[in-house]
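Undergrad: The file below is start09.txt, compact mmCIF, C-alpha atoms:
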# COMPACT_ATOMS: atom_id res chain seq x y z
CA MET A 1 20.24 -6.24 2.43
CA TRP A 2 20.03 -2.57 1.46
CA LEU A 3 20.65 -3.52 -2.17
CA TYR A 4 17.57 -5.78 -2.15
CA ALA A 5 15.63 -3.01 -0.45
CA LEU A 6 16.70 -0.54 -3.14
CA ALA A 7 15.95 -2.97 -6.00
CA GLY A 8 12.57 -3.92 -4.51
CA GLY A 9 11.78 -0.25 -4.00
CA GLY A 10 12.67 0.41 -7.64
CA LEU A 11 10.24 -2.30 -8.74
CA ILE A 12 7.52 -0.76 -6.57
CA GLY A 13 8.21 2.60 -8.21
CA LEU A 14 8.12 1.00 -11.66
CA ALA A 15 4.82 -0.75 -10.93
CA ALA A 16 3.32 2.49 -9.61
CA THR A 17 4.48 4.29 -12.77
CA LEU A 18 2.95 1.62 -15.02
CA LEU A 19 -0.37 1.79 -13.19
CA PHE A 20 -0.35 5.56 -13.72
CA LEU A 21 0.60 5.22 -17.40
CA THR A 22 -1.97 2.54 -18.21
CA HIS A 23 -4.89 3.35 -15.91
CA GLY A 24 -4.06 6.86 -14.74
CA ARG A 25 -4.36 5.76 -11.13
CA ILE A 26 -2.39 6.18 -7.91
CA ALA A 27 -0.97 2.90 -6.60
CA GLY A 28 -2.33 3.28 -3.08
CA VAL A 29 -3.04 -0.23 -1.81
CA SER A 30 -5.37 0.68 1.05
CA GLY A 31 -7.44 2.89 -1.26
CA ILE A 32 -7.68 0.27 -4.01
CA TYR A 33 -8.51 -2.53 -1.56
CA GLY A 34 -10.91 -0.28 0.38
CA SER A 35 -12.90 0.44 -2.79
CA PHE A 36 -14.30 -3.12 -2.56
CA LEU A 37 -16.12 -2.07 0.60
CA PRO A 38 -19.12 0.26 0.65
CA PRO A 39 -19.28 2.75 -0.92
CA VAL A 40 -18.06 0.33 -3.62
CA ALA A 41 -16.19 1.93 -6.55
CA HIS A 42 -17.84 1.98 -9.98
CA ASP A 43 -15.06 0.44 -12.08
CA LEU A 44 -13.92 -2.50 -10.01
CA GLY A 45 -12.18 -4.38 -12.85
CA TRP A 46 -8.66 -2.97 -12.72
CA ARG A 47 -8.83 -2.81 -8.93
CA LEU A 48 -9.70 -6.51 -8.60
CA ALA A 49 -6.99 -7.37 -11.15
CA PHE A 50 -4.34 -5.31 -9.29
CA ILE A 51 -5.15 -6.82 -5.90
CA GLY A 52 -5.33 -10.24 -7.58
CA GLY A 53 -1.79 -9.65 -8.85
CA LEU A 54 -0.63 -8.85 -5.32
CA VAL A 55 -2.20 -12.08 -4.05
CA LEU A 56 -0.66 -14.01 -6.94
CA SER A 57 2.82 -12.69 -6.08
CA GLY A 58 2.29 -14.10 -2.58
CA VAL A 59 1.20 -17.48 -3.94
CA VAL A 60 4.29 -17.65 -6.16
CA ALA A 61 6.55 -16.58 -3.29
CA ALA A 62 5.12 -19.31 -1.06
CA VAL A 63 6.27 -21.86 -3.65
CA LEU A 64 9.53 -20.37 -4.95
CA ALA A 65 10.88 -18.25 -2.08
CA PRO A 66 9.04 -18.94 1.17
CA SER A 67 11.74 -17.13 3.17
CA ALA A 68 10.58 -13.84 1.62
CA ILE A 69 7.42 -14.17 3.72
CA GLY A 70 8.63 -13.65 7.25
CA ALA A 71 7.15 -15.38 10.25
CA ALA A 72 4.52 -13.45 12.18
CA ALA A 73 6.26 -11.04 14.54
CA ARG A 74 3.52 -11.08 17.16
CA SER A 75 0.81 -13.37 18.47
CA THR A 76 -2.36 -13.83 16.45
CA TRP A 77 -4.39 -11.66 18.84
CA VAL A 78 -1.90 -8.80 18.56
CA LEU A 79 -1.99 -9.13 14.76
CA ALA A 80 -5.78 -8.89 14.85
CA VAL A 81 -5.52 -5.63 16.81
CA ALA A 82 -2.78 -4.42 14.44
CA GLY A 83 -4.95 -5.17 11.42
CA LEU A 84 -7.92 -3.38 12.94
CA LEU A 85 -5.82 -0.27 13.56
CA VAL A 86 -4.19 -0.39 10.11
CA GLY A 87 -7.60 -0.69 8.40
CA PHE A 88 -9.26 1.97 10.53
CA GLY A 89 -6.31 4.37 10.32
CA SER A 90 -5.62 4.06 6.59
CA SER A 91 -9.32 4.55 5.85
CA MET A 92 -9.55 7.61 8.10
CA GLY A 93 -6.23 9.07 6.91
CA SER A 94 -6.96 8.36 3.22
CA GLY A 95 -3.84 6.31 2.61
CA CYS A 96 -1.05 4.05 3.76
CA THR A 97 2.63 3.43 3.10
CA SER A 98 2.16 3.16 -0.68
CA GLY A 99 -0.38 5.91 -1.34
CA HIS A 100 1.09 8.54 0.99
CA GLY A 101 4.63 7.16 1.39
CA VAL A 102 5.47 6.63 -2.27
CA CYS A 103 2.90 8.24 -4.56
CA GLY A 104 2.04 11.24 -2.37
CA LEU A 105 5.62 12.12 -1.49
CA ALA A 106 6.63 11.82 -5.14
CA ARG A 107 3.99 14.44 -5.99
CA ALA A 108 5.30 16.62 -3.15
CA SER A 109 1.89 16.51 -1.47
CA ALA A 110 1.89 18.34 1.87
CA ARG A 111 -0.91 16.07 3.11
CA SER A 112 1.16 12.99 2.37
CA LEU A 113 4.30 14.44 3.97
CA VAL A 114 2.34 15.11 7.17
CA ALA A 115 0.80 11.62 7.00
CA VAL A 116 4.18 9.91 6.52
CA MET A 117 5.86 11.84 9.34
CA THR A 118 2.91 11.00 11.59
CA PHE A 119 2.76 7.25 10.91
CA MET A 120 6.55 6.89 10.96
CA THR A 121 6.59 8.52 14.40
CA THR A 122 3.73 6.52 15.93
CA GLY A 123 5.07 3.37 14.23
CA ALA A 124 8.53 3.89 15.73
CA VAL A 125 7.15 4.57 19.20
CA THR A 126 4.84 1.54 19.03
CA ALA A 127 7.58 -0.80 17.78
CA TRP A 128 9.80 0.41 20.62
CA LEU A 129 7.09 0.01 23.29
CA ALA A 130 5.99 -3.41 21.98
CA GLY A 131 9.53 -4.71 22.42
CA GLY A 132 12.05 -6.53 20.25
CA VAL A 133 11.08 -9.28 17.88
CA MET B 1 -18.87 2.81 -16.88
CA SER B 2 -18.57 5.96 -14.85
CA ALA B 3 -15.73 8.44 -15.15
CA GLY B 4 -13.07 7.06 -17.41
CA VAL B 5 -12.72 3.97 -19.54
CA THR B 6 -12.43 5.15 -23.11
CA SER B 7 -14.28 3.61 -26.04
CA CYS B 8 -12.54 0.37 -25.31
CA GLY B 9 -13.54 -2.83 -27.07
CA ALA B 10 -13.65 -6.24 -25.47
CA ARG B 11 -10.05 -7.07 -26.40
CA CYS B 12 -8.74 -3.78 -25.09
CA ARG B 13 -10.77 -4.26 -21.93
CA VAL B 14 -9.22 -7.69 -21.38
CA MET B 15 -5.79 -6.22 -22.08
CA SER B 16 -6.33 -3.48 -19.48
CA LEU B 17 -7.25 -6.09 -16.85
CA VAL B 18 -4.33 -8.37 -17.71
CA LEU B 19 -1.97 -5.40 -17.43
CA ALA B 20 -3.46 -4.28 -14.11
CA GLY B 21 -2.96 -7.82 -12.80
CA ALA B 22 0.62 -7.97 -14.03
CA ILE B 23 1.32 -4.57 -12.47
CA GLY B 24 -0.10 -5.79 -9.16
CA ALA B 25 2.16 -8.83 -9.34
CA LEU B 26 5.16 -6.60 -10.10
CA PHE B 27 4.27 -4.39 -7.15
CA GLY B 28 4.05 -7.52 -4.98
CA ALA B 29 7.42 -8.75 -6.26
CA GLY B 30 8.91 -5.41 -5.23
CA LEU B 31 7.44 -5.76 -1.74
CA LEU B 32 8.75 -9.34 -1.46
CA ILE B 33 12.28 -8.56 -2.71
CA SER B 34 12.59 -5.42 -0.61
CA GLY B 35 11.84 -7.15 2.71
CA MET B 36 8.55 -5.34 3.36
CA THR B 37 6.74 -8.67 3.72
CA ARG B 38 8.99 -9.62 6.66
CA PRO B 39 7.44 -8.20 9.83
CA ASP B 40 10.65 -8.66 11.84
CA ARG B 41 12.51 -6.53 9.28
CA VAL B 42 9.82 -3.82 9.38
CA ILE B 43 9.79 -3.71 13.18
CA GLY B 44 13.60 -3.70 13.19
CA PHE B 45 13.45 -0.65 10.94
CA LEU B 46 10.81 1.21 12.92
CA ASP B 47 12.37 0.49 16.33
CA VAL B 48 15.52 2.63 16.30
CA THR B 49 16.36 1.82 19.92
CA ARG B 50 17.27 -1.86 19.50
CA ALA B 51 19.37 -3.42 16.71
CA TRP B 52 18.28 -0.75 14.23
CA ASN B 53 18.17 -1.98 10.64
CA PRO B 54 17.86 1.07 8.38
CA SER B 55 17.79 -0.92 5.12
CA LEU B 56 14.04 -0.43 4.58
CA ALA B 57 14.65 3.29 4.12
CA PHE B 58 16.06 2.29 0.75
CA VAL B 59 12.68 0.82 -0.24
CA MET B 60 11.00 4.18 -0.03
CA GLY B 61 14.09 5.82 -1.52
CA GLY B 62 14.17 3.49 -4.52
CA ALA B 63 10.43 3.68 -5.12
CA LEU B 64 10.39 7.47 -4.81
CA ALA B 65 13.37 7.95 -7.10
CA VAL B 66 11.80 5.91 -9.89
CA TYR B 67 8.21 7.06 -9.48
CA ALA B 68 8.87 10.78 -8.97
CA VAL B 69 10.83 11.00 -12.22
CA ALA B 70 8.86 8.53 -14.33
CA MET B 71 5.36 9.71 -13.42
CA ARG B 72 6.38 13.29 -14.28
CA LEU B 73 7.58 12.07 -17.64
CA VAL B 74 4.25 10.30 -18.19
CA ARG B 75 2.33 13.46 -17.31
CA ARG B 76 4.46 15.61 -19.58
CA ARG B 77 4.31 13.27 -22.57
CA ARG B 78 0.68 12.17 -22.37
CA SER B 79 -2.63 13.91 -21.91
CA GLU B 80 -4.39 10.71 -20.89
CA PRO B 81 -3.49 7.18 -19.79
CA TRP B 82 -3.86 4.18 -22.09
CA PHE B 83 -7.15 2.88 -20.73
CA ASP B 84 -8.88 5.97 -19.39
CA VAL B 85 -9.84 9.43 -20.55
CA GLN B 86 -7.98 11.21 -17.74
CA PHE B 87 -5.38 10.87 -15.01
CA HIS B 88 -6.88 10.56 -11.54
CA LEU B 89 -4.90 12.52 -8.97
CA PRO B 90 -5.91 13.51 -5.43
CA THR B 91 -6.94 17.15 -5.30
CA ARG B 92 -7.20 17.82 -1.57
CA ARG B 93 -4.59 20.13 -0.04
CA ASP B 94 -5.88 20.64 3.50
CA VAL B 95 -4.23 18.99 6.48
CA ASP B 96 -7.10 18.14 8.80
CA ALA B 97 -7.63 16.22 12.02
CA ARG B 98 -8.83 13.11 10.18
CA LEU B 99 -5.56 12.90 8.24
CA LEU B 100 -3.48 13.33 11.40
CA LEU B 101 -5.50 11.00 13.63
CA GLY B 102 -5.94 8.37 10.91
CA SER B 103 -2.24 8.33 10.06
CA ALA B 104 -1.34 8.14 13.75
CA VAL B 105 -3.63 5.13 14.27
CA PHE B 106 -2.30 3.51 11.09
CA GLY B 107 1.28 3.89 12.36
CA VAL B 108 0.43 2.23 15.68
CA GLY B 109 -0.99 -0.78 13.83
CA TRP B 110 2.00 -0.92 11.46
CA GLY B 111 4.52 -0.75 14.33
CA LEU B 112 2.57 -3.35 16.30
CA GLY B 113 2.31 -6.06 13.63
CA GLY B 114 5.04 -5.08 11.18
CA LEU B 115 2.57 -5.29 8.30
CA CYS B 116 0.93 -2.59 6.20
CA PRO B 117 -1.84 -3.22 3.62
CA GLY B 118 0.26 -4.22 0.57
CA PRO B 119 2.55 -6.70 2.34
CA GLY B 120 -0.44 -7.92 4.36
CA ILE B 121 -2.27 -8.89 1.16
CA VAL B 122 0.86 -10.50 -0.34
CA ALA B 123 1.59 -12.52 2.80
CA ALA B 124 -2.07 -13.54 3.04
CA GLY B 125 -1.80 -14.76 -0.56
CA ALA B 126 1.14 -16.89 0.57
CA GLY B 127 -1.20 -18.41 3.14
CA ALA B 128 0.55 -17.07 6.26
CA THR B 129 -1.94 -17.50 9.11
CA GLY B 130 -0.95 -14.30 10.88
CA ALA B 131 -1.35 -12.28 7.68
CA LEU B 132 -4.77 -13.81 6.99
CA VAL B 133 -5.93 -12.75 10.46
CA PHE B 134 -4.34 -9.34 9.91
CA LEU B 135 -6.13 -8.91 6.57
CA ALA B 136 -9.50 -9.94 7.97
CA ALA B 137 -9.09 -7.50 10.85
CA MET B 138 -7.90 -4.77 8.46
CA THR B 139 -11.06 -5.21 6.39
CA LEU B 140 -13.14 -4.98 9.55
CA GLY B 141 -11.27 -1.84 10.60
CA MET B 142 -12.02 -0.19 7.26
CA LEU B 143 -15.71 -1.12 7.51
CA LEU B 144 -15.84 0.17 11.08
CA GLN B 145 -14.24 3.48 10.14
CA ARG B 146 -16.68 4.00 7.29
CA ARG B 147 -19.62 3.17 9.51
CA LEU B 148 -18.46 5.63 12.16
CA GLY B 149 -17.07 8.27 9.83
CA ALA B 150 -19.78 8.34 7.18
CA PRO B 151 -22.39 10.60 8.86
CA ARG B 152 -19.91 13.44 9.29
CA ALA B 153 -17.74 12.73 6.28
CA ARG B 154 -18.93 15.73 4.32
Can the structure from this file be put into structure tokens for me?

TA:
Amino acid sequence: MWLYALAGGGLIGLAATLLFLTHGRIAGVSGIYGSFLPPVAHDLGWRLAFIGGLVLSGVVAAVLAPSAIGAAARSTWVLAVAGLLVGFGSSMGSGCTSGHGVCGLARASARSLVAVMTFMTTGAVTAWLAGGV
Amino acid sequence: MSAGVTSCGARCRVMSLVLAGAIGALFGAGLLISGMTRPDRVIGFLDVTRAWNPSLAFVMGGALAVYAVAMRLVRRRRSEPWFDVQFHLPTRRDVDARLLLGSAVFGVGWGLGGLCPGPGIVAAGAGATGALVFLAAMTLGMLLQRRLGAPRAR
């Protein structure tokens, strides 16, 4: 299991590197996705293509490896609340697991280190309080 | 185009979009292989009190190891990316209340549903009902934050 995690992580790092090499951009998913909402970013092309690629990987997985998409861990209502908090929080905190957790930490950004320690802590406490899956 | 995008002809423009799409798909493949698109795995990682599954720590470890080294190489070897006139890096250094509160709220949502934005989009692409609801709510949350945060943003 850890080997898949390490290999998948390596691919994420490779993809983030390629986005930086080709487009000079940080692979922060919440930031890229959020730029579709007002105030809408000026050059939407690469952003739409990147998010389209993410969606495409999900479509392919649904056909070839459906087990890679886990079942929902919580009820639909809880997921709606979770989504609301994730959207609100990542927008307010200028980043999520990819932007702060991978790209920011790799640049030794103090802001990202604080963000990661904060969301890891509140995430751990929430997962514990919400109970086992 | 605004900042960026060099004198790039139509073919080069198409190439830049195709590459961005392929990179997004590669990023998604990494999320899928690593287990980040499995909410039970994510919650099992975050909740250290029950059957703790630390394997997802290797996702961040693997991604960091590759990206930290490779992006430094890119910066050292090149003055600009392929399809832009400059690298775009965050410049802020201040740790403020918005960063702390936003990250705290984000973590609560992540621990609650076991999904963060990337895996949420991938799982929604796979047609998972829960992820589609999550993604719609996430979009709403972003809109809400901008509506509330905009007047005092600067």

Undergrad: Contacts of Leu18 of chain A at 12 Å or less, counting only C-alpha atoms, minus same-chain residues fewer than 5 places along, as a PyMOL selection string?

TA: (chain A and resi 11-13+23-27+50) or (chain B and resi 16+19-27+66-67+70-71+73-74+81-83)

Undergrad: Contacts of Met36 of chain B at 9 Å or less, counting all atoms listed in the file, minus same-chain residues fewer than 2 places along, as a PyMOL selection string?

TA: (chain A and resi 5+8+68-69) or (chain B and resi 30-34+38-39+41-42+56+59+114-116+118-119)

Undergrad: Please identify all polymer residues within 9 Å of Ala124 of chain B, counting only C-alpha atoms, omitting same-chain residues fewer than 2 positions from it, and present them as number ranges by chain.

TA: A: 55, 58-59; B: 119-122, 126-135

Undergrad: Using only C-alpha atoms, which of the listed residues (A:Ala72, A:Tyr33, A:Phe119, A:Pro39) sits closest to Leu54 of chain A?

TA: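 Residue with the minimum atom-to-atom distance to Leu54 of chain A: A:Tyr33.
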
Undergrad: Between B:Gly109, B:Leu100, B:Phe45, B:Thr37, which is the closest to Pro66 of chain A once you count all atoms listed in the file?

TA: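 Checking each of B:Gly109, B:Leu100, B:Phe45, B:Thr37 against Pro66 of chain A, counting all atoms listed in the file, the winner is B:Thr37.
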
Undergrad: For chain B, which residue out of A:Gly89, A:Thr121, A:Ala65, A:Leu129 is the nearest one, using all atoms listed in the file?

TA: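 Going through A:Gly89, A:Thr121, A:Ala65, A:Leu129 one by one, the smallest distance to chain B is for A:Gly89.
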
Undergrad: Restricting the calculation to only C-alpha atoms: of A:Val81, A:Ile51, A:Leu56, A:Met92, which residue gets closest to Val29 of chain A?

TA: A:Ile51

Undergrad: Excluding same-chain residues fewer than 5 positions from Ser112 of chain A, what lies within 10 Å of it counting all atoms listed in the file, as an mmCIF file with C-alpha atoms, in the coordinates of the input?

TA:
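Contents of selection-v5.cif, freshly written:
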data_model
loop_
_atom_site.group_PDB
_atom_site.id
_atom_site.type_symbol
_atom_site.label_atom_id
_atom_site.label_comp_id
_atom_site.auth_asym_id
_atom_site.auth_seq_id
_atom_site.Cartn_x
_atom_site.Cartn_y
_atom_site.Cartn_z
ATOM 1 C CA GLY A 93 -6.230 9.070 6.910
ATOM 2 C CA SER A 94 -6.960 8.360 3.220
ATOM 3 C CA GLY A 95 -3.840 6.310 2.610
ATOM 4 C CA CYS A 96 -1.050 4.050 3.760
ATOM 5 C CA THR A 97 2.630 3.430 3.100
ATOM 6 C CA GLY A 99 -0.380 5.910 -1.340
ATOM 7 C CA HIS A 100 1.090 8.540 0.990
ATOM 8 C CA GLY A 101 4.630 7.160 1.390
ATOM 9 C CA VAL A 102 5.470 6.630 -2.270
ATOM 10 C CA CYS A 103 2.900 8.240 -4.560
ATOM 11 C CA GLY A 104 2.040 11.240 -2.370
ATOM 12 C CA LEU A 105 5.620 12.120 -1.490
ATOM 13 C CA ALA A 106 6.630 11.820 -5.140
ATOM 14 C CA ARG A 107 3.990 14.440 -5.990
ATOM 15 C CA MET A 117 5.860 11.840 9.340
ATOM 16 C CA THR A 118 2.910 11.000 11.590
ATOM 17 C CA ARG B 93 -4.590 20.130 -0.040
ATOM 18 C CA VAL B 95 -4.230 18.990 6.480
ATOM 19 C CA LEU B 99 -5.560 12.900 8.240
ATOM 20 C CA SER B 103 -2.240 8.330 10.060
#

Undergrad: Check the smallest atom-to-atom distance from each of B:Phe58, B:Leu112, B:Leu64, B:Gly28 to Gly132 of chain A using only C-alpha atoms, then report the winner.

TA: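 Checking each of B:Phe58, B:Leu112, B:Leu64, B:Gly28 against Gly132 of chain A, counting only C-alpha atoms, the winner is B:Leu112.
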
Undergrad: Nearest to chain B: which of A:Ser67, A:Pro38, A:Ser75, A:Ala124 is it, counting all atoms listed in the file?

TA: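 Among A:Ser67, A:Pro38, A:Ser75, A:Ala124, it is A:Ala124 that comes nearest to chain B.
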
Undergrad: In Å, rounded to a single decimal, give me how far atom CA of Arg72 of chain B is from atom CA of Gly10 of chain A.

TA: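 Result for atom CA of Gly10 of chain A versus atom CA of Arg72 of chain B: 15.8 Å, one decimal.
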
Undergrad: Grab the atom CA of Thr122 of chain A to atom CA of Gly35 of chain B distance for me, in Å with one decimal place.

TA: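 We find that atom CA of Thr122 of chain A and atom CA of Gly35 of chain B lie 20.7 Å from each other.
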
Undergrad: Calculate, to one decimal in Å, the centre and edge lengths of the box along x, y and z of the file that holds all listed atoms of segment 111-114 of chain A with 3 Å of margin on each side, and present them as JSON.

TA:
{"center_x": 1.7, "center_y": 14.5, "center_z": 4.8, "size_x": 11.2, "size_y": 9.1, "size_z": 10.8}

Undergrad: Can you measure atom CA of Leu37 of chain A to atom CA of Ala123 of chain B for me? One decimal in Å is fine.

TA: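 Between atom CA of Leu37 of chain A and atom CA of Ala123 of chain B the gap works out to 20.7 Å.
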